[in-house]
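K.L.:
Data file query26.csv (CSV, C-alpha atoms) is appended below.
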chain,number,residue,atom,x,y,z
D,1,MET,CA,171.4,18.7,-47.1
D,2,ALA,CA,172.5,15.7,-44.9
D,3,LEU,CA,169.2,13.8,-44.8
D,4,ARG,CA,168.9,11.7,-47.9
D,5,ASP,CA,166.5,9.0,-46.7
D,6,THR,CA,163.1,9.0,-48.1
D,7,HIS,CA,161.5,7.1,-45.2
D,8,VAL,CA,162.1,7.1,-41.5
D,9,THR,CA,164.1,4.2,-40.0
D,10,LEU,CA,164.8,3.2,-36.4
D,11,ALA,CA,168.2,4.9,-36.8
D,12,HIS,CA,166.4,8.2,-37.0
D,13,GLY,CA,165.3,7.7,-33.4
D,14,GLY,CA,168.6,6.2,-32.1
D,15,GLY,CA,170.2,9.4,-30.8
D,16,GLY,CA,173.0,9.5,-33.3
D,17,GLN,CA,173.8,11.5,-36.5
D,18,ALA,CA,170.7,10.2,-38.4
D,19,MET,CA,168.5,11.5,-35.6
D,20,ARG,CA,170.3,14.8,-35.6
D,21,ASP,CA,169.9,15.2,-39.3
D,22,LEU,CA,166.1,14.4,-39.1
D,23,ILE,CA,165.6,16.9,-36.3
D,24,ASP,CA,167.7,19.6,-37.9
D,25,GLU,CA,166.3,19.4,-41.4
D,26,VAL,CA,162.7,18.4,-40.9
D,27,PHE,CA,161.8,20.1,-37.6
D,28,ALA,CA,164.3,22.7,-36.3
D,29,SER,CA,164.9,24.3,-39.7
D,30,VAL,CA,161.2,25.0,-40.0
D,31,PHE,CA,160.1,25.7,-36.4
D,32,GLN,CA,163.3,27.7,-35.6
D,33,PRO,CA,163.1,27.3,-31.8
D,34,PRO,CA,165.1,30.0,-30.0
D,35,GLY,CA,168.4,28.7,-28.6
D,36,MET,CA,167.7,25.1,-29.8
D,37,GLU,CA,168.4,23.2,-26.6
D,38,ASP,CA,166.4,20.7,-24.7
D,39,GLN,CA,164.4,23.3,-22.8
D,40,ALA,CA,162.7,26.5,-23.8
D,41,ARG,CA,163.6,29.6,-21.8
D,42,LEU,CA,160.6,31.9,-21.7
D,43,SER,CA,160.3,35.6,-20.8
D,44,ALA,CA,158.3,36.5,-17.8
D,45,GLU,CA,157.4,39.8,-19.4
D,46,ALA,CA,154.0,38.4,-20.4
D,47,LEU,CA,153.1,38.1,-16.7
D,48,ALA,CA,154.3,41.6,-15.8
D,49,GLU,CA,150.8,43.0,-15.7
D,50,PRO,CA,149.3,42.6,-12.1
D,51,GLY,CA,146.7,40.0,-12.0
D,52,ALA,CA,147.7,38.2,-15.2
D,53,ARG,CA,147.6,34.3,-15.0
D,54,LEU,CA,149.3,31.5,-16.9
D,55,ALA,CA,147.2,29.0,-18.8
D,56,PHE,CA,148.7,25.6,-19.6
D,57,THR,CA,147.3,22.8,-21.7
D,58,THR,CA,148.3,19.6,-23.4
D,59,ASP,CA,146.8,17.2,-25.9
D,60,SER,CA,147.7,14.3,-28.3
D,61,TYR,CA,146.6,13.8,-31.9
D,62,VAL,CA,146.0,10.5,-33.6
D,63,VAL,CA,143.9,11.2,-36.6
D,64,THR,CA,143.5,8.7,-39.5
D,65,PRO,CA,144.2,9.6,-42.3
D,66,LEU,CA,147.1,11.9,-41.5
D,67,GLU,CA,146.2,14.2,-44.3
D,68,PHE,CA,142.6,15.0,-45.2
D,69,PRO,CA,140.6,17.8,-47.0
D,70,GLY,CA,141.1,21.0,-45.1
D,71,GLY,CA,144.1,20.0,-43.0
D,72,ASP,CA,146.4,17.4,-41.6
D,73,ILE,CA,147.5,16.1,-38.2
D,74,GLY,CA,149.9,19.0,-37.8
D,75,LYS,CA,147.2,21.6,-38.3
D,76,LEU,CA,145.0,19.8,-35.9
D,77,ALA,CA,147.7,19.8,-33.2
D,78,ILE,CA,148.4,23.6,-33.5
D,79,CYS,CA,144.7,24.6,-33.8
D,80,GLY,CA,143.6,22.3,-31.0
D,81,THR,CA,146.2,23.6,-28.6
D,82,VAL,CA,145.5,27.3,-29.5
D,83,ASN,CA,141.8,26.7,-29.1
D,84,ASP,CA,142.2,25.0,-25.7
D,85,LEU,CA,144.0,28.1,-24.5
D,86,ALA,CA,141.7,30.6,-26.2
D,87,VAL,CA,138.4,29.3,-24.8
D,88,GLY,CA,139.8,29.9,-21.3
D,89,GLY,CA,140.4,33.5,-22.2
D,90,ALA,CA,144.2,33.1,-22.7
D,91,ARG,CA,146.3,34.7,-25.4
D,92,PRO,CA,148.4,31.8,-26.8
D,93,LEU,CA,152.1,32.4,-26.6
D,94,TRP,CA,154.3,29.3,-26.6
D,95,LEU,CA,153.9,25.7,-27.8
D,96,SER,CA,155.9,22.4,-27.5
D,97,ALA,CA,155.5,19.6,-30.1
D,98,ALA,CA,156.5,15.9,-29.6
D,99,PHE,CA,156.4,13.4,-32.4
D,100,ILE,CA,156.1,9.6,-32.3
D,101,ILE,CA,157.0,8.4,-35.8
D,102,GLU,CA,156.4,4.9,-37.1
D,103,GLU,CA,159.3,3.3,-38.9
D,104,GLY,CA,158.7,3.6,-42.7
D,105,THR,CA,156.9,6.9,-42.6
D,106,GLU,CA,157.7,9.1,-45.6
D,107,VAL,CA,160.1,12.0,-44.9
D,108,ALA,CA,158.2,14.0,-47.5
D,109,LEU,CA,155.0,13.5,-45.5
D,110,LEU,CA,156.7,14.7,-42.4
D,111,ARG,CA,158.0,17.8,-44.2
D,112,ARG,CA,154.5,18.7,-45.4
D,113,ILE,CA,153.0,18.3,-41.9
D,114,VAL,CA,155.8,20.3,-40.2
D,115,ALA,CA,155.4,23.1,-42.8
D,116,THR,CA,151.7,23.2,-42.0
D,117,MET,CA,152.4,23.4,-38.3
D,118,ALA,CA,154.8,26.3,-38.8
D,119,ALA,CA,152.3,28.2,-41.0
D,120,GLU,CA,149.4,27.7,-38.6
D,121,ALA,CA,151.5,28.7,-35.6
D,122,ALA,CA,152.6,31.9,-37.2
D,123,ALA,CA,149.0,32.8,-38.2
D,124,ALA,CA,147.8,32.1,-34.7
D,125,GLY,CA,150.6,34.2,-33.1
D,126,ILE,CA,152.0,31.3,-31.1
D,127,ARG,CA,155.7,30.2,-31.1
D,128,ILE,CA,156.9,26.6,-31.3
D,129,VAL,CA,159.8,26.7,-28.8
D,130,THR,CA,160.7,23.1,-27.9
D,131,GLY,CA,159.9,19.6,-29.0
D,132,ASP,CA,160.9,15.9,-29.1
D,133,THR,CA,161.0,13.0,-31.6
D,134,LYS,CA,160.8,9.3,-31.1
D,135,VAL,CA,160.8,6.6,-33.8
D,136,VAL,CA,159.0,3.3,-33.1
D,137,GLY,CA,159.0,0.0,-35.1
D,138,ARG,CA,156.5,-0.9,-37.8
D,139,GLY,CA,153.1,-1.6,-36.4
D,140,ALA,CA,153.7,0.2,-33.1
D,141,ALA,CA,152.0,3.4,-34.3
D,142,ASP,CA,149.7,4.5,-37.0
D,143,GLY,CA,152.2,6.5,-39.0
D,144,LEU,CA,152.5,9.5,-36.8
D,145,PHE,CA,151.3,10.7,-33.4
D,146,VAL,CA,151.7,14.3,-32.3
D,147,THR,CA,151.5,15.7,-28.8
D,148,THR,CA,151.4,19.5,-28.3
D,149,SER,CA,151.4,21.5,-25.1
D,150,GLY,CA,150.7,25.2,-25.0
D,151,ILE,CA,151.2,28.1,-22.6
D,152,GLY,CA,149.2,31.4,-22.8
D,153,VAL,CA,148.5,34.3,-20.5
D,154,ILE,CA,145.1,35.3,-19.2
D,155,PRO,CA,144.9,39.1,-18.9
D,156,PRO,CA,143.7,40.6,-15.6
D,157,GLY,CA,139.9,40.7,-15.2
D,158,ARG,CA,139.1,37.7,-17.4
D,159,ASP,CA,137.4,34.8,-15.7
D,160,ILE,CA,135.3,32.8,-18.2
D,161,HIS,CA,134.3,29.3,-17.2
D,162,ALA,CA,131.3,27.0,-17.5
D,163,GLY,CA,130.3,27.5,-13.8
D,164,ALA,CA,129.6,31.2,-14.6
D,165,ILE,CA,126.7,30.4,-16.9
D,166,ARG,CA,123.4,31.9,-15.7
D,167,PRO,CA,119.7,31.3,-16.7
D,168,GLY,CA,118.9,33.6,-19.6
D,169,ASP,CA,122.4,33.5,-21.2
D,170,VAL,CA,122.4,32.8,-24.9
D,171,ALA,CA,124.3,29.9,-26.5
D,172,LEU,CA,126.2,30.8,-29.6
D,173,VAL,CA,128.3,28.8,-32.1
D,174,ASN,CA,130.7,30.3,-34.7
D,175,GLY,CA,129.6,28.2,-37.7
D,176,VAL,CA,128.3,25.1,-39.3
D,177,LEU,CA,128.6,21.9,-37.2
D,178,GLY,CA,130.1,18.5,-37.9
D,179,ASP,CA,132.2,19.2,-40.9
D,180,HIS,CA,135.4,17.8,-39.4
D,181,GLY,CA,133.8,14.5,-38.3
D,182,ALA,CA,132.0,14.0,-41.6
D,183,THR,CA,135.2,14.9,-43.6
D,184,ILE,CA,137.3,12.3,-41.7
D,185,LEU,CA,134.6,9.7,-42.2
D,186,ALA,CA,134.5,10.3,-46.0
D,187,ALA,CA,138.3,10.6,-46.3
D,188,ARG,CA,138.8,7.1,-44.9
D,189,GLY,CA,137.1,5.7,-48.0
D,190,ASP,CA,135.6,2.7,-46.3
D,191,LEU,CA,132.0,3.8,-47.1
D,192,ALA,CA,132.7,4.9,-50.7
D,193,LEU,CA,131.3,8.3,-49.9
D,194,SER,CA,131.8,11.1,-52.5
D,195,THR,CA,131.8,14.6,-51.0
D,196,ASP,CA,133.4,18.0,-51.3
D,197,LEU,CA,133.4,18.5,-47.6
D,198,LYS,CA,136.5,20.0,-45.8
D,199,SER,CA,137.4,19.9,-42.2
D,200,ASP,CA,136.4,23.0,-40.2
D,201,CYS,CA,139.9,22.9,-38.5
D,202,ALA,CA,140.9,26.4,-37.5
D,203,ALA,CA,142.7,28.4,-34.8
D,204,LEU,CA,140.2,30.5,-32.9
D,205,GLY,CA,142.4,32.7,-30.8
D,206,HIS,CA,141.8,35.9,-32.8
D,207,LEU,CA,138.0,35.2,-32.8
D,208,MET,CA,137.9,34.8,-29.1
D,209,GLU,CA,139.8,38.1,-28.6
D,210,ALA,CA,137.2,39.8,-30.9
D,211,VAL,CA,134.3,38.3,-29.0
D,212,LEU,CA,135.7,39.3,-25.6
D,213,ALA,CA,136.3,42.8,-26.8
D,214,ALA,CA,132.8,43.1,-28.1
D,215,ALA,CA,131.1,41.2,-25.3
D,216,PRO,CA,133.2,41.5,-22.2
D,217,GLY,CA,130.5,39.8,-20.1
D,218,THR,CA,131.0,36.5,-22.0
D,219,ARG,CA,130.5,33.8,-19.4
D,220,ALA,CA,132.0,30.6,-20.9
D,221,ALA,CA,133.4,29.0,-24.0
D,222,ARG,CA,134.4,25.5,-25.1
D,223,ASP,CA,135.6,24.1,-28.3
D,224,ALA,CA,133.3,21.4,-29.6
D,225,THR,CA,135.8,18.6,-30.5
D,226,ARG,CA,135.3,14.9,-29.7
D,227,GLY,CA,131.7,14.3,-28.6
D,228,GLY,CA,130.5,17.3,-30.6
D,229,VAL,CA,128.3,20.1,-29.5
D,230,ALA,CA,126.0,17.8,-27.5
D,231,SER,CA,128.8,16.7,-25.1
D,232,VAL,CA,130.1,20.2,-24.7
D,233,LEU,CA,126.6,21.5,-23.8
D,234,ASN,CA,126.2,18.7,-21.3
D,235,GLU,CA,129.5,19.5,-19.6
D,236,MET,CA,128.5,23.2,-19.4
D,237,ALA,CA,125.0,22.4,-18.0
D,238,GLN,CA,126.5,20.2,-15.3
D,239,ALA,CA,129.2,22.6,-14.4
D,240,SER,CA,126.8,25.6,-14.1
D,241,ARG,CA,123.8,23.6,-12.7
D,242,THR,CA,121.6,25.3,-15.2
D,243,GLY,CA,119.3,23.7,-17.8
D,244,ILE,CA,120.1,24.3,-21.5
D,245,VAL,CA,117.6,24.4,-24.3
D,246,ILE,CA,118.6,24.3,-27.9
D,247,ASP,CA,116.4,24.7,-31.0
D,248,GLU,CA,116.8,22.1,-33.7
D,249,ALA,CA,115.7,24.6,-36.3
D,250,THR,CA,118.6,26.9,-35.6
D,251,LEU,CA,121.4,24.3,-35.7
D,252,PRO,CA,123.7,25.3,-38.6
D,253,LEU,CA,124.4,22.1,-40.7
D,254,ARG,CA,125.4,21.6,-44.2
D,255,GLU,CA,123.0,19.6,-46.3
D,256,GLU,CA,125.9,17.2,-47.0
D,257,VAL,CA,126.5,16.6,-43.3
D,258,ARG,CA,122.8,16.2,-42.6
D,259,GLY,CA,122.4,13.7,-45.5
D,260,MET,CA,125.4,11.7,-44.5
D,261,CYS,CA,124.2,11.4,-40.9
D,262,GLU,CA,120.7,10.3,-42.1
D,263,ILE,CA,122.2,7.6,-44.3
D,264,LEU,CA,124.6,6.3,-41.6
D,265,GLY,CA,122.4,6.7,-38.6
D,266,LEU,CA,124.7,9.3,-37.0
D,267,ASP,CA,123.6,12.3,-34.9
D,268,PRO,CA,125.3,15.5,-36.1
D,269,LEU,CA,125.2,16.9,-32.6
D,270,TYR,CA,127.9,14.4,-31.7
D,271,LEU,CA,130.1,14.8,-34.7
D,272,ALA,CA,133.5,16.3,-34.0
D,273,ASN,CA,134.5,19.8,-34.8
D,274,GLU,CA,138.0,21.3,-34.8
D,275,GLY,CA,137.2,25.0,-35.5
D,276,ARG,CA,133.9,25.5,-33.7
D,277,LEU,CA,133.2,26.7,-30.3
D,278,VAL,CA,130.2,27.1,-28.1
D,279,LEU,CA,129.8,30.4,-26.2
D,280,PHE,CA,127.5,31.6,-23.5
D,281,VAL,CA,126.9,35.3,-23.3
D,282,PRO,CA,124.4,37.5,-21.4
D,283,GLU,CA,121.4,38.2,-23.6
D,284,ALA,CA,122.2,41.9,-23.9
D,285,GLU,CA,125.6,41.2,-25.3
D,286,ALA,CA,124.6,38.4,-27.8
D,287,PRO,CA,124.1,40.7,-30.8
D,288,ALA,CA,127.6,42.2,-30.3
D,289,ALA,CA,129.2,38.8,-29.9
D,290,LEU,CA,127.6,37.5,-33.0
D,291,ALA,CA,128.6,40.6,-35.0
D,292,ALA,CA,132.2,40.2,-33.8
D,293,MET,CA,132.3,36.6,-34.9
D,294,ARG,CA,130.6,37.2,-38.3
D,295,ALA,CA,133.3,39.8,-39.1
D,296,LEU,CA,135.9,37.1,-39.2
D,297,PRO,CA,136.2,34.1,-41.6
D,298,GLU,CA,136.2,31.6,-38.8
D,299,GLY,CA,132.9,33.1,-37.5
D,300,ALA,CA,131.1,33.9,-40.7
D,301,GLY,CA,128.3,31.4,-39.9
D,302,ALA,CA,127.9,32.4,-36.3
D,303,THR,CA,124.4,31.9,-34.9
D,304,ALA,CA,122.4,31.5,-31.7
D,305,ILE,CA,121.3,28.0,-31.0
D,306,GLY,CA,119.6,28.2,-27.6
D,307,ARG,CA,119.9,29.5,-24.0
D,308,ALA,CA,120.4,28.5,-20.4
D,309,VAL,CA,117.3,28.1,-18.3
D,310,GLU,CA,116.4,27.5,-14.6
D,311,ALA,CA,114.4,24.3,-15.4
D,312,HIS,CA,116.0,20.8,-15.5
D,313,PRO,CA,119.4,21.8,-14.1
D,314,GLY,CA,122.4,19.9,-15.5
D,315,GLN,CA,120.4,18.7,-18.5
D,316,VAL,CA,120.3,19.6,-22.2
D,317,ARG,CA,117.0,19.4,-24.1
D,318,MET,CA,116.3,20.2,-27.7
D,319,THR,CA,113.1,21.6,-29.2
D,320,THR,CA,112.6,19.5,-32.3
D,321,ALA,CA,111.5,20.6,-35.7
D,322,PHE,CA,108.1,19.1,-35.0
D,323,GLY,CA,107.6,21.1,-31.8
D,324,GLY,CA,108.4,18.3,-29.4
D,325,SER,CA,111.2,18.1,-26.9
D,326,ARG,CA,113.9,15.5,-26.3
D,327,ILE,CA,116.8,15.0,-24.0
D,328,VAL,CA,120.3,15.4,-25.5
D,329,ASP,CA,122.6,13.2,-23.5
D,330,MET,CA,126.4,13.1,-23.2
D,331,LEU,CA,127.9,10.9,-25.9
D,332,VAL,CA,128.3,7.3,-24.8
D,333,GLY,CA,131.1,5.5,-26.5
D,334,GLU,CA,132.5,6.7,-29.8
D,335,GLN,CA,130.6,7.6,-33.0
D,336,LEU,CA,133.9,7.6,-34.9
D,337,PRO,CA,137.3,6.9,-33.4
D,338,ARG,CA,140.7,8.4,-34.2
D,339,ILE,CA,139.4,11.7,-35.5
D,340,CYS,CA,141.6,14.2,-33.7
Take the structure I supplied and represent it as structure tokens, if you would.

P.N.:
Amino acid sequence: MALRDTHVTLAHGGGGQAMRDLIDEVFASVFQPPGMEDQARLSAEALAEPGARLAFTTDSYVVTPLEFPGGDIGKLAICGTVNDLAVGGARPLWLSAAFIIEEGTEVALLRRIVATMAAEAAAAGIRIVTGDTKVVGRGAADGLFVTTSGIGVIPPGRDIHAGAIRPGDVALVNGVLGDHGATILAARGDLALSTDLKSDCAALGHLMEAVLAAAPGTRAARDATRGGVASVLNEMAQASRTGIVIDEATLPLREEVRGMCEILGLDPLYLANEGRLVLFVPEAEAPAALAAMRALPEGAGATAIGRAVEAHPGQVRMTTAFGGSRIVDMLVGEQLPRIC
């Protein structure tokens, strides 16, 4: 083992032997990219089926703290990219990972995060095939930033997008809402909150495949990350020019999340999720979609929360527990920054 440093220094980003040692021992030895050159060479066999299409996505991750109950920044990066592909109907295949590392970051921390990424990628069926590292001086980054890009293939015949939602379609979610946002808030320790909450962070590729097999008429799906379910529903209402009505009584929330929001004046509809998606399916296929999700751990808490309607196109409204109705707007500003 050539890498004996316990913390990252600027030399690890200088292009010399120290950088080579860091890449070889911390990243390449775990990810095992094929060929190990600056570019990934990908097989076109995945596109051999007539009508298949490529899906391509990219995102950056800047969560604080880097490790939290239920995950770390590496798990976030893998799951986030897999989910961005999956909600478009794509089967995730390949992924790149780029790291901006602040001088002074513990090498042991990097090793733990990279190990998490490798495990999550293997479980999700996606290969990490290329990457990059940069080291910046103290104060120029908050420990570690990760950028991942993913490529997947959309099989012929799949065309799910928010514009396809029709009045009467049922809105489904795959589990309790807000756990990730609430967990990150508690993990920062600023508010002296004591909780057993864990992030909902999870890769949902397998769940999406199960749903599409059981409910092939699925119209649209989005993962409810920053901005929470409320923002996702608004995006879907505006894209489809339908109204959306949700029922407050059906929203799946843990009592801990509900209580934390009441204390801090937060709306759980806007809390971030990293393993939750919103689906719209034709009413006749809703039972099959729910059953498919509930058969998997990531969808055990799946439930219907509302439906698309012809009234108030482009707007989301919620029937409250008291029988009233209120408009659910898009999130303005940030309830909680640096969460994913």

K.L.:
Per residue of segment 190-296 of chain D within 12 Å of segment 83-86 of chain D, note the shortest atom pair and the distance in Å to one decimal, counting only C-alpha atoms, and order the rows by chain and increasing residue number, as JSON lines.

P.N.:
{"residue": "D:Cys201", "atom": "CA", "partner": "D:Asn83", "partner_atom": "CA", "distance": 10.3}
{"residue": "D:Ala202", "atom": "CA", "partner": "D:Asn83", "partner_atom": "CA", "distance": 8.5}
{"residue": "D:Ala203", "atom": "CA", "partner": "D:Asn83", "partner_atom": "CA", "distance": 6.0}
{"residue": "D:Leu204", "atom": "CA", "partner": "D:Asn83", "partner_atom": "CA", "distance": 5.6}
{"residue": "D:Gly205", "atom": "CA", "partner": "D:Ala86", "partner_atom": "CA", "distance": 5.1}
{"residue": "D:His206", "atom": "CA", "partner": "D:Ala86", "partner_atom": "CA", "distance": 8.5}
{"residue": "D:Leu207", "atom": "CA", "partner": "D:Ala86", "partner_atom": "CA", "distance": 8.9}
{"residue": "D:Met208", "atom": "CA", "partner": "D:Ala86", "partner_atom": "CA", "distance": 6.4}
{"residue": "D:Glu209", "atom": "CA", "partner": "D:Ala86", "partner_atom": "CA", "distance": 8.1}
{"residue": "D:Ala210", "atom": "CA", "partner": "D:Ala86", "partner_atom": "CA", "distance": 11.3}
{"residue": "D:Val211", "atom": "CA", "partner": "D:Ala86", "partner_atom": "CA", "distance": 11.0}
{"residue": "D:Leu212", "atom": "CA", "partner": "D:Ala86", "partner_atom": "CA", "distance": 10.6}
{"residue": "D:Ala220", "atom": "CA", "partner": "D:Ala86", "partner_atom": "CA", "distance": 11.1}
{"residue": "D:Ala221", "atom": "CA", "partner": "D:Ala86", "partner_atom": "CA", "distance": 8.7}
{"residue": "D:Arg222", "atom": "CA", "partner": "D:Asp84", "partner_atom": "CA", "distance": 7.8}
{"residue": "D:Asp223", "atom": "CA", "partner": "D:Asn83", "partner_atom": "CA", "distance": 6.8}
{"residue": "D:Ala224", "atom": "CA", "partner": "D:Asn83", "partner_atom": "CA", "distance": 10.0}
{"residue": "D:Thr225", "atom": "CA", "partner": "D:Asn83", "partner_atom": "CA", "distance": 10.2}
{"residue": "D:Asn273", "atom": "CA", "partner": "D:Asn83", "partner_atom": "CA", "distance": 11.5}
{"residue": "D:Glu274", "atom": "CA", "partner": "D:Asn83", "partner_atom": "CA", "distance": 8.7}
{"residue": "D:Gly275", "atom": "CA", "partner": "D:Asn83", "partner_atom": "CA", "distance": 8.1}
{"residue": "D:Arg276", "atom": "CA", "partner": "D:Asn83", "partner_atom": "CA", "distance": 9.2}
{"residue": "D:Leu277", "atom": "CA", "partner": "D:Asn83", "partner_atom": "CA", "distance": 8.7}
{"residue": "D:Val278", "atom": "CA", "partner": "D:Asn83", "partner_atom": "CA", "distance": 11.6}
{"residue": "D:Leu279", "atom": "CA", "partner": "D:Ala86", "partner_atom": "CA", "distance": 11.9}

K.L.:
Provide the atom CA of Leu191 of chain D to atom CA of Gly70 of chain D distance in Å, to one decimal place.

P.N.:
19.6 Å

K.L.:
Write out as a CSV table (one decimal) with C-alpha atoms, in the coordinates of the input the residues lying within 6 Å of segment 54-64 of chain D, counting all atoms listed in the file and excluding same-chain residues fewer than 3 positions away.

P.N.:
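Wrote part37.csv, looks like this:
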chain,number,residue,atom,x,y,z
D,145,PHE,CA,151.3,10.7,-33.4
D,146,VAL,CA,151.7,14.3,-32.3
D,147,THR,CA,151.5,15.7,-28.8
D,148,THR,CA,151.4,19.5,-28.3
D,149,SER,CA,151.4,21.5,-25.1
D,150,GLY,CA,150.7,25.2,-25.0
D,151,ILE,CA,151.2,28.1,-22.6
D,152,GLY,CA,149.2,31.4,-22.8
D,153,VAL,CA,148.5,34.3,-20.5
D,338,ARG,CA,140.7,8.4,-34.2
D,339,ILE,CA,139.4,11.7,-35.5
D,340,CYS,CA,141.6,14.2,-33.7

K.L.:
Mind giving me the straight-line distance from atom CA of Gly265 of chain D to atom CA of Gln335 of chain D in Å, one decimal?

P.N.:
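Here the two named atoms are 10.0 Å from each other.
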
K.L.:
Figure out the distance between atom CA of Arg91 of chain D and atom CA of Lys75 of chain D, please, to one decimal in Å.

P.N.:
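Calculated distance between atom CA of Lys75 of chain D and atom CA of Arg91 of chain D is 18.4 Å.
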
K.L.:
Can you list, as a ChimeraX atom specification, every protein, DNA or RNA residue that comes within 6 Å of segment 165-172 of chain D when you count only C-alpha atoms, leaving out same-chain residues fewer than 3 positions away?

P.N.:
/D:162,219,240,278-283,303-310

K.L.:
Between D:Cys79, D:Val107, D:Ile327, D:Ala186, which is the closest to Ala123 of chain D once you count only C-alpha atoms?

P.N.:
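Smallest separation from Ala123 of chain D among the options: D:Cys79.
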
K.L.:
From the options D:Leu3, D:Met330, D:Val114, D:Ala40, which residue's atoms come nearest to Met236 of chain D, counting all atoms listed in the file?

P.N.:
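Closest residue, counting all atoms listed in the file: D:Met330.
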
K.L.:
When distances are computed from all atoms listed in the file, which of D:Arg317, D:Leu197, D:Ala289, D:Leu331 shows the smallest separation from Gly228 of chain D?

P.N.:
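So, comparing all the options, the nearest one is D:Leu331.
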
K.L.:
Rank D:Glu67, D:Glu49, D:Glu103, D:Glu25 by their smallest atom-to-atom distance to His12 of chain D, using all atoms listed in the file, and report the top residue only.

P.N.:
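Once distances to His12 of chain D are computed over all atoms listed in the file, the minimum belongs to D:Glu103.
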
K.L.:
Looking at D:Gly157, D:Ala187, D:Gly217, D:Thr195, which one is nearest to Gly259 of chain D, with distances taken over only C-alpha atoms?

P.N.:
D:Thr195

K.L.:
I need the residue nearest Ile100 of chain D from this list: D:Pro297, D:Gly131, D:Pro50, D:Gly189. Use all atoms listed in the file for the distance.

P.N.:
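With all atoms listed in the file as the atom set, the closest residue is D:Gly131.
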
K.L.:
As number ranges by chain, please: the residues near Met117 of chain D (cut-off 12 Å, all atoms listed in the file, same-chain neighbours under 5 positions excluded).

P.N.:
D: 26-27, 30-31, 71-82, 95-97, 110-112, 122-124, 126-128, 146, 148, 202-203

K.L.:
Please return as a PyMOL selection string every residue within 10 Å of (130.0, 39.3, -34.3), taking into account only C-alpha atoms and the file's own coordinates.

P.N.:
chain D and resi 174+207+210-211+214-215+286-296+299-303

K.L.:
Could you give me, as a list in words, the residues that have an atom at most 12 Å away from the point (123.2, 14.0, -43.0) in the coordinates of the file, using only C-alpha atoms?

P.N.:
Leu177, Gly178, Asp179, Gly181, Ala182, Thr195, Leu253, Arg254, Glu255, Glu256, Val257, Arg258, Gly259, Met260, Cys261, Glu262, Ile263, Leu264, Gly265, Leu266, Asp267, Pro268, Leu269 and Leu271 of chain D

K.L.:
Would you put the residues from that selection into a file with C-alpha atoms, as a PDB file, in the coordinates of the input?

P.N.:
ATOM      1  CA  LEU D 177     128.600  21.900 -37.200  1.00  0.00           C
ATOM      2  CA  GLY D 178     130.100  18.500 -37.900  1.00  0.00           C
ATOM      3  CA  ASP D 179     132.200  19.200 -40.900  1.00  0.00           C
ATOM      4  CA  GLY D 181     133.800  14.500 -38.300  1.00  0.00           C
ATOM      5  CA  ALA D 182     132.000  14.000 -41.600  1.00  0.00           C
ATOM      6  CA  THR D 195     131.800  14.600 -51.000  1.00  0.00           C
ATOM      7  CA  LEU D 253     124.400  22.100 -40.700  1.00  0.00           C
ATOM      8  CA  ARG D 254     125.400  21.600 -44.200  1.00  0.00           C
ATOM      9  CA  GLU D 255     123.000  19.600 -46.300  1.00  0.00           C
ATOM     10  CA  GLU D 256     125.900  17.200 -47.000  1.00  0.00           C
ATOM     11  CA  VAL D 257     126.500  16.600 -43.300  1.00  0.00           C
ATOM     12  CA  ARG D 258     122.800  16.200 -42.600  1.00  0.00           C
ATOM     13  CA  GLY D 259     122.400  13.700 -45.500  1.00  0.00           C
ATOM     14  CA  MET D 260     125.400  11.700 -44.500  1.00  0.00           C
ATOM     15  CA  CYS D 261     124.200  11.400 -40.900  1.00  0.00           C
ATOM     16  CA  GLU D 262     120.700  10.300 -42.100  1.00  0.00           C
ATOM     17  CA  ILE D 263     122.200   7.600 -44.300  1.00  0.00           C
ATOM     18  CA  LEU D 264     124.600   6.300 -41.600  1.00  0.00           C
ATOM     19  CA  GLY D 265     122.400   6.700 -38.600  1.00  0.00           C
ATOM     20  CA  LEU D 266     124.700   9.300 -37.000  1.00  0.00           C
ATOM     21  CA  ASP D 267     123.600  12.300 -34.900  1.00  0.00           C
ATOM     22  CA  PRO D 268     125.300  15.500 -36.100  1.00  0.00           C
ATOM     23  CA  LEU D 269     125.200  16.900 -32.600  1.00  0.00           C
ATOM     24  CA  LEU D 271     130.100  14.800 -34.700  1.00  0.00           C
TER      25      LEU D 271
END
